[in-house]
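Trainee: protein.cif is reproduced below (mmCIF, C-alpha atoms).
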data_protein
#
loop_
_atom_site.label_atom_id
_atom_site.label_comp_id
_atom_site.auth_asym_id
_atom_site.auth_seq_id
_atom_site.Cartn_x
_atom_site.Cartn_y
_atom_site.Cartn_z
CA ILE P 1 78.69 -23.59 22.52
CA ARG P 2 78.82 -26.21 25.30
CA ILE P 3 75.92 -24.49 27.11
CA SER P 4 73.68 -24.49 24.00
CA ILE P 5 74.36 -28.18 23.30
CA LYS P 6 73.48 -29.08 26.91
CA LEU P 7 70.19 -27.11 26.77
CA SER P 8 69.21 -28.81 23.51
CA MET P 9 69.80 -32.29 24.99
CA ASP P 10 67.82 -31.43 28.11
CA SER P 11 64.84 -30.22 26.00
CA HIS P 12 64.87 -33.37 23.86
CA LYS P 13 64.98 -35.58 26.95
CA ALA P 14 62.01 -33.73 28.49
CA ALA P 15 59.98 -34.17 25.31
CA LEU P 16 60.64 -37.90 25.29
CA VAL P 17 59.58 -38.22 28.92
CA ALA P 18 56.35 -36.33 28.23
CA ALA P 19 55.55 -38.48 25.20
CA GLY P 20 56.16 -41.66 27.18
CA ALA P 21 53.86 -40.49 29.95
CA ALA P 22 51.09 -39.73 27.50
CA ALA P 23 51.45 -43.14 25.82
CA GLY P 24 51.34 -44.87 29.18
CA ALA P 25 48.17 -43.04 30.15
CA ALA P 26 46.51 -44.01 26.88
CA ALA P 27 47.49 -47.65 27.32
CA THR P 28 46.16 -47.67 30.85
CA TYR P 29 42.80 -46.22 29.70
CA TYR P 30 42.47 -48.75 26.85
CA TYR P 31 43.28 -51.68 29.14
CA ALA P 32 40.81 -50.53 31.75
CA THR P 33 37.96 -50.07 29.29
CA CYS P 34 38.56 -52.49 26.44
CA GLY P 35 41.67 -54.57 26.94
CA ASN P 36 40.31 -56.96 29.54
CA SER P 37 36.73 -57.95 28.69
CA ALA P 38 36.46 -60.06 31.82
CA THR P 39 36.97 -57.10 34.17
CA ALA P 40 35.82 -54.21 31.95
CA ALA P 41 32.81 -52.31 33.27
CA LYS P 42 29.63 -53.28 31.39
CA PRO P 43 26.87 -50.78 30.63
CA PRO P 44 23.73 -51.26 32.71
CA PRO P 45 20.84 -53.13 31.01
CA PRO P 46 18.06 -50.99 29.46
CA PRO P 47 15.17 -50.30 31.79
CA ALA P 48 12.26 -52.72 31.59
CA THR P 49 9.36 -51.49 29.52
CA ASP P 50 5.89 -52.73 28.71
CA ALA P 51 5.54 -50.63 25.55
CA THR P 52 4.99 -53.76 23.46
CA ASP P 53 2.11 -54.88 25.63
CA ASN P 54 -0.23 -52.57 23.75
CA VAL P 55 0.76 -53.76 20.27
CA ILE P 56 -2.13 -55.55 18.53
CA CYS P 57 -1.06 -58.60 16.54
CA ASP P 58 -3.02 -60.66 14.05
CA GLU P 59 -3.68 -63.22 16.74
CA ASP P 60 -5.43 -60.62 18.89
CA VAL P 61 -8.10 -59.51 16.40
CA GLN P 62 -10.66 -61.04 14.09
CA ARG P 63 -10.44 -59.65 10.57
CA ILE P 64 -13.55 -58.92 8.50
CA VAL P 65 -13.06 -57.95 4.84
CA CYS P 66 -15.92 -56.08 3.15
CA TYR P 67 -15.79 -56.57 -0.62
CA GLY P 68 -18.09 -54.35 -2.64
CA ASP P 69 -18.63 -51.41 -4.96
CA SER P 70 -19.22 -47.67 -4.51
CA ASN P 71 -21.82 -48.31 -1.81
CA THR P 72 -19.11 -50.06 0.20
CA TRP P 73 -16.60 -47.35 -0.69
CA GLY P 74 -19.08 -44.79 0.65
CA LEU P 75 -19.92 -42.57 -2.32
CA ASP P 76 -22.04 -39.63 -1.21
CA ALA P 77 -24.58 -38.89 -3.97
CA PHE P 78 -26.48 -36.48 -1.72
CA ALA P 79 -23.84 -33.74 -1.59
CA PRO P 80 -24.41 -30.77 -3.91
CA GLY P 81 -22.25 -30.35 -6.99
CA ASP P 82 -20.55 -32.81 -9.30
CA ALA P 83 -17.45 -33.46 -7.19
CA MET P 84 -17.13 -37.03 -5.95
CA ARG P 85 -17.42 -37.13 -2.18
CA ARG P 86 -17.23 -39.90 0.36
CA PHE P 87 -19.23 -40.38 3.54
CA ARG P 88 -17.29 -40.12 6.77
CA HIS P 89 -19.00 -43.28 7.98
CA PRO P 90 -19.78 -45.73 5.15
CA TRP P 91 -21.32 -48.97 6.33
CA PRO P 92 -18.01 -50.86 6.86
CA ARG P 93 -16.93 -48.12 9.26
CA VAL P 94 -20.28 -48.36 11.04
CA LEU P 95 -19.70 -52.11 11.21
CA ALA P 96 -16.31 -51.54 12.83
CA ARG P 97 -17.76 -49.17 15.42
CA GLN P 98 -20.58 -51.58 16.20
CA LEU P 99 -18.21 -54.51 16.68
CA GLY P 100 -15.78 -52.52 18.81
CA PRO P 101 -12.28 -53.57 19.97
CA GLY P 102 -10.93 -56.92 18.93
CA TYR P 103 -12.02 -56.63 15.30
CA ASP P 104 -10.19 -55.35 12.23
CA VAL P 105 -12.70 -54.31 9.56
CA VAL P 106 -11.16 -53.83 6.11
CA SER P 107 -13.18 -51.88 3.53
CA GLU P 108 -12.49 -52.95 -0.06
CA GLY P 109 -15.06 -51.01 -2.06
CA LEU P 110 -14.42 -49.97 -5.65
CA ASN P 111 -16.62 -47.67 -7.71
CA GLY P 112 -18.17 -49.53 -10.65
CA ARG P 113 -17.15 -53.02 -9.51
CA THR P 114 -19.25 -55.88 -10.88
CA CYS P 115 -19.43 -59.47 -9.70
CA ILE P 116 -17.68 -61.38 -12.51
CA VAL P 117 -18.19 -59.45 -15.77
CA ASP P 118 -16.24 -56.76 -17.61
CA ASP P 119 -17.80 -53.35 -18.16
CA PRO P 120 -16.66 -51.96 -21.53
CA PHE P 121 -17.40 -48.41 -20.40
CA MET P 122 -15.13 -48.63 -17.36
CA SER P 123 -11.61 -48.40 -18.74
CA ASP P 124 -9.69 -46.58 -16.01
CA TYR P 125 -9.24 -49.71 -13.89
CA ASP P 126 -10.37 -53.32 -13.64
CA VAL P 127 -13.92 -53.53 -12.25
CA ASN P 128 -14.29 -57.30 -12.69
CA GLY P 129 -14.70 -58.50 -9.12
CA ARG P 130 -13.53 -62.01 -9.86
CA ARG P 131 -10.13 -60.88 -11.12
CA THR P 132 -9.42 -58.51 -8.27
CA LEU P 133 -10.66 -60.78 -5.47
CA PRO P 134 -7.58 -63.06 -5.12
CA PRO P 135 -4.91 -60.35 -4.65
CA ILE P 136 -7.14 -58.41 -2.28
CA LEU P 137 -7.90 -61.39 -0.06
CA HIS P 138 -4.29 -62.54 -0.04
CA SER P 139 -3.16 -59.05 0.95
CA HIS P 140 -5.41 -59.11 4.02
CA LYS P 141 -4.98 -62.71 5.20
CA PRO P 142 -5.56 -64.26 7.64
CA ILE P 143 -9.28 -63.55 7.28
CA ASP P 144 -12.05 -64.58 9.65
CA VAL P 145 -15.12 -63.30 7.75
CA LEU P 146 -15.59 -62.14 4.15
CA VAL P 147 -18.63 -59.95 3.45
CA ILE P 148 -19.56 -59.73 -0.24
CA MET P 149 -22.07 -57.11 -1.36
CA LEU P 150 -21.99 -56.81 -5.13
CA GLY P 151 -24.54 -56.83 -7.92
CA THR P 152 -25.75 -53.24 -8.18
CA ASN P 153 -23.53 -52.44 -11.16
CA ASP P 154 -24.54 -55.73 -12.77
CA LEU P 155 -28.02 -54.19 -13.18
CA LYS P 156 -26.69 -51.87 -15.89
CA LYS P 157 -28.62 -52.07 -19.12
CA HIS P 158 -25.66 -52.72 -21.40
CA LEU P 159 -24.55 -55.74 -19.33
CA ASN P 160 -27.91 -57.42 -19.97
CA LEU P 161 -27.88 -59.74 -16.93
CA SER P 162 -30.93 -61.34 -15.38
CA PRO P 163 -31.42 -61.42 -11.58
CA GLN P 164 -30.54 -65.12 -11.64
CA LEU P 165 -27.23 -64.47 -13.41
CA ILE P 166 -26.38 -61.57 -11.12
CA ALA P 167 -26.92 -63.77 -8.07
CA ARG P 168 -24.90 -66.57 -9.65
CA GLY P 169 -22.06 -64.13 -10.23
CA ALA P 170 -22.06 -63.08 -6.58
CA ALA P 171 -22.12 -66.72 -5.51
CA THR P 172 -19.18 -67.44 -7.82
CA LEU P 173 -17.11 -64.97 -5.82
CA ALA P 174 -18.08 -66.71 -2.59
CA SER P 175 -17.18 -70.08 -4.10
CA ASP P 176 -13.81 -68.76 -5.28
CA ALA P 177 -13.06 -67.34 -1.84
CA LEU P 178 -13.83 -70.63 -0.09
CA ARG P 179 -11.12 -72.31 -2.16
CA MET P 180 -8.40 -69.77 -1.32
CA ASP P 181 -5.75 -70.26 1.32
CA VAL P 182 -6.53 -66.99 3.08
CA TRP P 183 -8.49 -68.11 6.13
CA ARG P 184 -7.31 -68.06 9.71
CA SER P 185 -9.29 -71.21 10.44
CA THR P 186 -12.87 -71.91 9.37
CA PRO P 187 -13.91 -70.04 6.18
CA ARG P 188 -16.88 -67.77 6.81
CA VAL P 189 -18.55 -65.89 3.95
CA LEU P 190 -21.54 -63.56 4.22
CA LEU P 191 -23.33 -63.02 0.90
CA VAL P 192 -25.34 -59.78 0.98
CA CYS P 193 -28.01 -58.93 -1.57
CA PRO P 194 -27.65 -55.18 -2.26
CA VAL P 195 -30.39 -52.69 -1.51
CA ASN P 196 -32.85 -52.31 -4.40
CA ILE P 197 -32.10 -49.32 -6.56
CA ARG P 198 -34.61 -46.78 -7.87
CA GLN P 199 -34.76 -45.32 -11.36
CA PRO P 200 -32.18 -42.51 -11.40
CA PRO P 201 -33.44 -39.03 -12.32
CA PRO P 202 -32.60 -37.63 -15.77
CA SER P 203 -30.07 -35.31 -14.14
CA CYS P 204 -27.96 -38.33 -13.11
CA ARG P 205 -25.05 -38.67 -15.53
CA PHE P 206 -25.36 -42.46 -15.66
CA ALA P 207 -29.17 -42.68 -15.55
CA TYR P 208 -29.33 -44.37 -18.95
CA SER P 209 -26.90 -47.10 -17.87
CA PHE P 210 -29.30 -48.16 -15.13
CA ASP P 211 -32.43 -47.87 -17.23
CA GLY P 212 -34.60 -50.87 -16.32
CA GLY P 213 -32.43 -51.84 -13.34
CA ALA P 214 -34.98 -50.75 -10.78
CA ALA P 215 -37.48 -53.21 -12.24
CA LYS P 216 -35.03 -56.14 -12.01
CA ALA P 217 -33.59 -55.40 -8.58
CA PRO P 218 -36.45 -56.71 -6.37
CA ALA P 219 -36.16 -60.18 -7.91
CA CYS P 220 -32.50 -60.53 -6.92
CA ALA P 221 -32.94 -61.29 -3.21
CA LYS P 222 -34.59 -64.69 -3.63
CA HIS P 223 -31.86 -65.80 -6.02
CA TYR P 224 -29.09 -64.58 -3.69
CA ARG P 225 -30.70 -66.55 -0.89
CA ALA P 226 -30.95 -69.69 -3.02
CA GLU P 227 -27.33 -69.41 -4.12
CA ALA P 228 -26.15 -68.88 -0.52
CA GLU P 229 -28.11 -71.89 0.70
CA ALA P 230 -26.77 -74.09 -2.09
CA LEU P 231 -23.23 -72.96 -1.40
CA GLY P 232 -23.57 -73.25 2.37
CA VAL P 233 -22.66 -69.66 3.24
CA ALA P 234 -24.47 -67.05 5.30
CA PHE P 235 -27.00 -64.76 3.62
CA LEU P 236 -28.30 -61.28 4.35
CA ASP P 237 -30.83 -59.19 2.45
CA ALA P 238 -29.83 -55.54 2.81
CA ASN P 239 -33.42 -54.60 1.99
CA ALA P 240 -34.39 -55.93 5.42
CA ALA P 241 -32.36 -53.12 6.97
CA THR P 242 -32.99 -50.10 4.79
CA GLN P 243 -34.28 -48.63 1.52
CA ILE P 244 -32.65 -46.10 -0.77
CA PRO P 245 -34.48 -42.75 -0.61
CA ASP P 246 -36.62 -41.52 -3.47
CA PRO P 247 -34.25 -39.50 -5.70
CA ARG P 248 -36.85 -36.75 -5.89
CA HIS P 249 -35.84 -35.97 -2.31
CA GLY P 250 -32.10 -36.27 -2.82
CA GLY P 251 -29.50 -38.68 -4.10
CA ASP P 252 -29.50 -40.60 -7.36
CA GLY P 253 -31.60 -43.65 -6.49
CA ILE P 254 -28.54 -45.90 -6.66
CA HIS P 255 -26.29 -44.96 -3.77
CA LEU P 256 -26.90 -45.29 -0.06
CA SER P 257 -27.61 -42.32 2.17
CA ALA P 258 -25.85 -41.74 5.48
CA GLN P 259 -28.81 -43.28 7.28
CA ASN P 260 -28.74 -46.27 4.92
CA CYS P 261 -25.07 -46.78 5.84
CA ALA P 262 -25.88 -46.65 9.55
CA ASP P 263 -28.75 -49.12 9.21
CA LEU P 264 -26.84 -51.56 7.02
CA GLY P 265 -23.68 -51.44 9.11
CA SER P 266 -25.66 -52.29 12.24
CA LEU P 267 -27.43 -55.22 10.56
CA VAL P 268 -24.16 -56.63 9.19
CA ALA P 269 -22.56 -56.31 12.63
CA GLU P 270 -25.35 -58.38 14.16
CA LYS P 271 -24.91 -61.07 11.50
CA VAL P 272 -21.12 -61.14 11.82
CA ARG P 273 -21.34 -61.61 15.59
CA GLU P 274 -23.72 -64.49 15.00
CA MET P 275 -21.33 -66.08 12.50
CA LEU P 276 -18.31 -65.78 14.77
CA THR P 277 -20.04 -67.13 17.88
CA GLY P 278 -22.32 -69.74 16.32
CA SER P 279 -21.58 -73.38 15.77
CA PHE P 280 -20.81 -74.60 12.28
CA ASP P 281 -20.93 -78.01 10.70
CA GLU P 282 -17.68 -78.37 8.77
CA THR P 283 -18.96 -81.38 6.84
CA ALA P 284 -22.32 -79.99 5.76
CA PRO P 285 -23.74 -81.87 2.77
CA ASP P 286 -23.61 -79.94 -0.49
CA SER P 287 -26.99 -79.61 -2.20
CA ARG P 288 -25.43 -78.94 -5.61
CA PRO P 289 -24.13 -81.60 -7.97
CA ILE P 290 -20.56 -82.58 -7.20
CA ALA P 291 -19.53 -81.56 -10.73
CA GLU P 292 -20.18 -77.92 -9.92
CA TYR P 293 -17.46 -78.10 -7.28
CA SER P 294 -15.09 -80.38 -9.13
CA SER P 295 -12.08 -78.33 -8.02
CA LEU P 296 -12.95 -78.82 -4.35
CA PRO P 297 -11.75 -81.93 -2.52
CA VAL P 298 -14.75 -84.13 -1.86
CA ALA P 299 -15.00 -87.15 0.44
CA ASP P 300 -18.04 -89.39 0.80
CA GLY P 301 -20.23 -86.95 -1.11
CA LYS P 302 -19.58 -84.15 1.40
CA SER P 303 -17.98 -80.79 0.77
CA PRO P 304 -15.23 -79.33 2.99
CA ARG P 305 -17.30 -76.17 3.16
CA ILE P 306 -19.26 -75.21 6.21
CA SER P 307 -22.85 -74.44 7.00
CA GLN P 308 -22.90 -70.77 7.93
CA LYS P 309 -26.61 -70.11 8.00
#
For the file at hand, write its structure as structure tokens.
Mentor:
Amino acid sequence: IRISIKLSMDSHKAALVAAGAAAGAAATYYYATCGNSATAAKPPPPPATDATDNVICDEDVQRIVCYGDSNTWGLDAFAPGDAMRRFRHPWPRVLARQLGPGYDVVSEGLNGRTCIVDDPFMSDYDVNGRRTLPPILHSHKPIDVLVIMLGTNDLKKHLNLSPQLIARGAATLASDALRMDVWRSTPRVLLVCPVNIRQPPPSCRFAYSFDGGAAKAPACAKHYRAEAEALGVAFLDANAATQIPDPRHGGDGIHLSAQNCADLGSLVAEKVREMLTGSFDETAPDSRPIAEYSSLPVADGKSPRISQK
């Protein structure tokens, strides 16, 4: 009995010694790594990297927003079949390639978009360009140049708009944009008169809507120019760059061809470069009555707009 008691005590004592040794080792490890922050080893700093050097920020690019309809979106009316297709290189993409690095070209084309009127036959989404302009511009700010090319859908028969009213609608968009707090610095607007349409062939599903539009289209350019000059913004006649092909040889007489997109994109690029590198008079006199710009701050009979011609 005495022998068994002695063995039990010796085993218990050995277990206590082992537990104490383990606790001491754990305490030593904690103290060495965490307990003394002044002497604890610190991890080495991360290696230096220049990965952020290639990140392009807003300050590094000049942003051009292209606001238009299906011809800005890039609808391909020359592809066979009824499926809606899009060109790989609509004119805003050609513009971007022509300008090269340092520019951010944003394409905001919407099929069926008008300047400032509602189209009762377009119910899937809002095609009134005046209502959709503010959220679009604010989503892309800061903006350096705004290119507006709208008016083709305003030629529709049921809208019953004259060339003068179509041009006034496009100029209204430019005027609205000049008032918005979306510009990086100097507001620059390019008002583009769309390419003249041709009478669509009977096979075109919306030929009737554009009945008579081809006769009105050629008169639009002079009114666009007059509105741009009165407003003090830059003007471009797309007809100086290209013409829509005869629908007897393809297309619908309304939408641009791939070559039209290439020609127009190149011409717009030339104008945009001119606008961004030219000198502008920020106190250009306004040729319109002050009442027409009553919401704009006016000092000494001069508008805060700029001369962008």
Trainee: Restricting the calculation to all atoms listed in the file, which member of P:Arg63, P:Lys157, P:Met84, P:Leu178 is positioned closest to Gly212 in chain P?
Mentor: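 Among P:Arg63, P:Lys157, P:Met84, P:Leu178, it is P:Lys157 that comes nearest to Gly212 in chain P.
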Trainee: Mind working out the centre and edge lengths of an axis-aligned box for range 224-232 of chain P, all listed atoms inside, 4 Å added to each side, rounded to one decimal in Å and written as lines of an AutoDock Vina configuration file?
Mentor:
center_x = -27.1
center_y = -69.3
center_z = -0.9
size_x = 15.7
size_y = 17.5
size_z = 14.5
Trainee: Using all atoms listed in the file for the distances, tell me which of P:Ile197, P:Leu146, P:Ala79, P:Leu110 is nearest to Val127 in chain P.
Mentor: P:Leu110
Trainee: Using Å and a single decimal, report how far CA of Asp154 in chain P sits from CA of Ser123 in chain P.
Mentor: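 Pair CA of Ser123 in chain P / CA of Asp154 in chain P returns 16.0 Å.
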Trainee: Go through P:Arg93, P:Arg248, P:Arg85, P:Lys222 one by one, measure the shortest atom-to-atom distance of each to Thr72 in chain P using all atoms listed in the file, and give the residue with the smallest value.
Mentor: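 The answer is P:Arg93, which sits nearest to Thr72 in chain P.
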Trainee: How many Å separate CA of Cys261 in chain P from CA of Asp126 in chain P?
Mentor: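 Straight-line distance from CA of Cys261 in chain P to CA of Asp126 in chain P works out to 25.3 Å.
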Trainee: Just the residues within 8 Å of His255 in chain P, please, counting all atoms listed in the file, with nothing from its chain fewer than 5 positions along; format it as a compact mmCIF listing (two decimals) with C-alpha atoms, keeping the file's coordinate frame.
Mentor:
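To be explicit, this is the file written out as part_37.txt:
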# COMPACT_ATOMS: atom_id res chain seq x y z
CA SER P 70 -19.22 -47.67 -4.51
CA ASN P 71 -21.82 -48.31 -1.81
CA LEU P 75 -19.92 -42.57 -2.32
CA ASP P 76 -22.04 -39.63 -1.21
CA ALA P 77 -24.58 -38.89 -3.97
CA ILE P 197 -32.10 -49.32 -6.56
CA ILE P 244 -32.65 -46.10 -0.77
Trainee: Which value, in Å to one decimal, gives the distance between CA of Pro101 in chain P and CA of Val61 in chain P?
Mentor: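 For CA of Pro101 in chain P relative to CA of Val61 in chain P, the distance reads 8.1 Å.
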Trainee: May I ask which of the residues P:Gly169, P:Gly129, P:Gly232, P:Gly265 is the closest one to Leu190 in chain P, counting all atoms listed in the file?
Mentor: P:Gly232
Trainee: Taking all atoms listed in the file into account, which of P:Leu165, P:Val192, P:Leu155, P:Ala177 comes nearest Ala214 in chain P?
Mentor: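 The answer is P:Leu155, which sits nearest to Ala214 in chain P.
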Trainee: Given all atoms listed in the file as the basis, pick out the residue of P:Val65, P:Ile116, P:Val189, P:Leu256 nearest to His140 in chain P.
Mentor: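 Comparing P:Val65, P:Ile116, P:Val189, P:Leu256 against His140 in chain P, the winner is P:Val65.
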Trainee: Just say which residues the PyMOL selection byres ((chain P and resi 115) around 7) picks in this file, as a ChimeraX atom specification.
Mentor: /P:113-114,116-117,128-130,150-151,169-170
Trainee: Apply the PyMOL selection byres ((chain P and resi 238) around 9) to the file shown and report the selected residues as a PyMOL selection string.
Mentor: chain P and resi 149+192-196+221+236-237+239-243+264+267-268
Trainee: Here's the selection I'm unsure about, the PyMOL selection byres ((chain P and resi 252) around 10); applied to the file above, which residues does it give, as a list in words?
Mentor: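 Matching residues under the PyMOL selection byres ((chain P and resi 252) around 10) are Asp76, Ala77, Phe78, Ile197, Arg198, Gln199, Pro200, Pro201, Pro202, Ser203, Cys204, Arg205, Phe206, Ala207, Ile244, Pro245, Asp246, Pro247, Arg248, His249, Gly250, Gly251, Gly253, Ile254, His255, Leu256 and Ser257 of chain P.
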Trainee: Set the distance at 9 Å and use all atoms listed in the file: which residues neighbour Ile143 in chain P once local chain neighbours fewer than 6 positions away are removed? I'd like the list as a PyMOL selection string.
Mentor: chain P and resi 62-65+137+182-185+187-188
Trainee: Complete the atom set of range 174-191 of chain P to N, CA, C and O atoms and return it as a CSV table (one decimal), in the coordinates of the input.
Mentor:
chain,number,residue,atom,x,y,z
P,174,ALA,N,-18.1,-66.0,-3.9
P,174,ALA,CA,-18.1,-66.7,-2.6
P,174,ALA,C,-17.4,-68.1,-2.8
P,174,ALA,O,-16.6,-68.5,-1.9
P,175,SER,N,-17.8,-68.8,-3.8
P,175,SER,CA,-17.2,-70.1,-4.1
P,175,SER,C,-15.7,-70.0,-4.3
P,175,SER,O,-14.9,-70.8,-3.8
P,176,ASP,N,-15.2,-69.0,-5.1
P,176,ASP,CA,-13.8,-68.8,-5.3
P,176,ASP,C,-13.1,-68.5,-3.9
P,176,ASP,O,-12.0,-69.1,-3.7
P,177,ALA,N,-13.7,-67.7,-3.1
P,177,ALA,CA,-13.1,-67.3,-1.8
P,177,ALA,C,-12.9,-68.6,-0.9
P,177,ALA,O,-11.9,-68.7,-0.2
P,178,LEU,N,-13.9,-69.4,-0.9
P,178,LEU,CA,-13.8,-70.6,-0.1
P,178,LEU,C,-12.7,-71.5,-0.5
P,178,LEU,O,-12.2,-72.3,0.4
P,179,ARG,N,-12.2,-71.5,-1.7
P,179,ARG,CA,-11.1,-72.3,-2.2
P,179,ARG,C,-9.8,-71.7,-1.8
P,179,ARG,O,-8.7,-72.4,-1.9
P,180,MET,N,-9.7,-70.4,-1.5
P,180,MET,CA,-8.4,-69.8,-1.3
P,180,MET,C,-7.8,-70.1,0.1
P,180,MET,O,-8.5,-70.2,1.0
P,181,ASP,N,-6.5,-70.0,0.1
P,181,ASP,CA,-5.8,-70.3,1.3
P,181,ASP,C,-5.5,-68.9,2.0
P,181,ASP,O,-4.4,-68.4,2.1
P,182,VAL,N,-6.6,-68.3,2.5
P,182,VAL,CA,-6.5,-67.0,3.1
P,182,VAL,C,-7.2,-67.0,4.5
P,182,VAL,O,-7.2,-65.9,5.1
P,183,TRP,N,-7.7,-68.1,4.9
P,183,TRP,CA,-8.5,-68.1,6.1
P,183,TRP,C,-7.6,-68.4,7.4
P,183,TRP,O,-6.7,-69.2,7.3
P,184,ARG,N,-8.0,-67.8,8.5
P,184,ARG,CA,-7.3,-68.1,9.7
P,184,ARG,C,-7.6,-69.5,10.2
P,184,ARG,O,-6.8,-70.2,10.6
P,185,SER,N,-8.9,-69.8,10.1
P,185,SER,CA,-9.3,-71.2,10.4
P,185,SER,C,-10.5,-71.6,9.6
P,185,SER,O,-10.3,-71.9,8.4
P,186,THR,N,-11.7,-71.5,10.1
P,186,THR,CA,-12.9,-71.9,9.4
P,186,THR,C,-13.3,-70.8,8.4
P,186,THR,O,-13.4,-69.7,8.8
P,187,PRO,N,-13.4,-71.1,7.1
P,187,PRO,CA,-13.9,-70.0,6.2
P,187,PRO,C,-15.3,-69.6,6.5
P,187,PRO,O,-16.2,-70.4,6.7
P,188,ARG,N,-15.5,-68.3,6.5
P,188,ARG,CA,-16.9,-67.8,6.8
P,188,ARG,C,-17.2,-66.7,5.8
P,188,ARG,O,-16.5,-65.6,5.8
P,189,VAL,N,-18.2,-66.9,5.0
P,189,VAL,CA,-18.6,-65.9,4.0
P,189,VAL,C,-20.0,-65.4,4.2
P,189,VAL,O,-20.9,-66.3,4.4
P,190,LEU,N,-20.2,-64.1,4.1
P,190,LEU,CA,-21.5,-63.6,4.2
P,190,LEU,C,-21.9,-63.0,2.9
P,190,LEU,O,-21.2,-62.0,2.4
P,191,LEU,N,-22.9,-63.5,2.2
P,191,LEU,CA,-23.3,-63.0,0.9
P,191,LEU,C,-24.5,-62.1,1.1
P,191,LEU,O,-25.6,-62.5,1.6
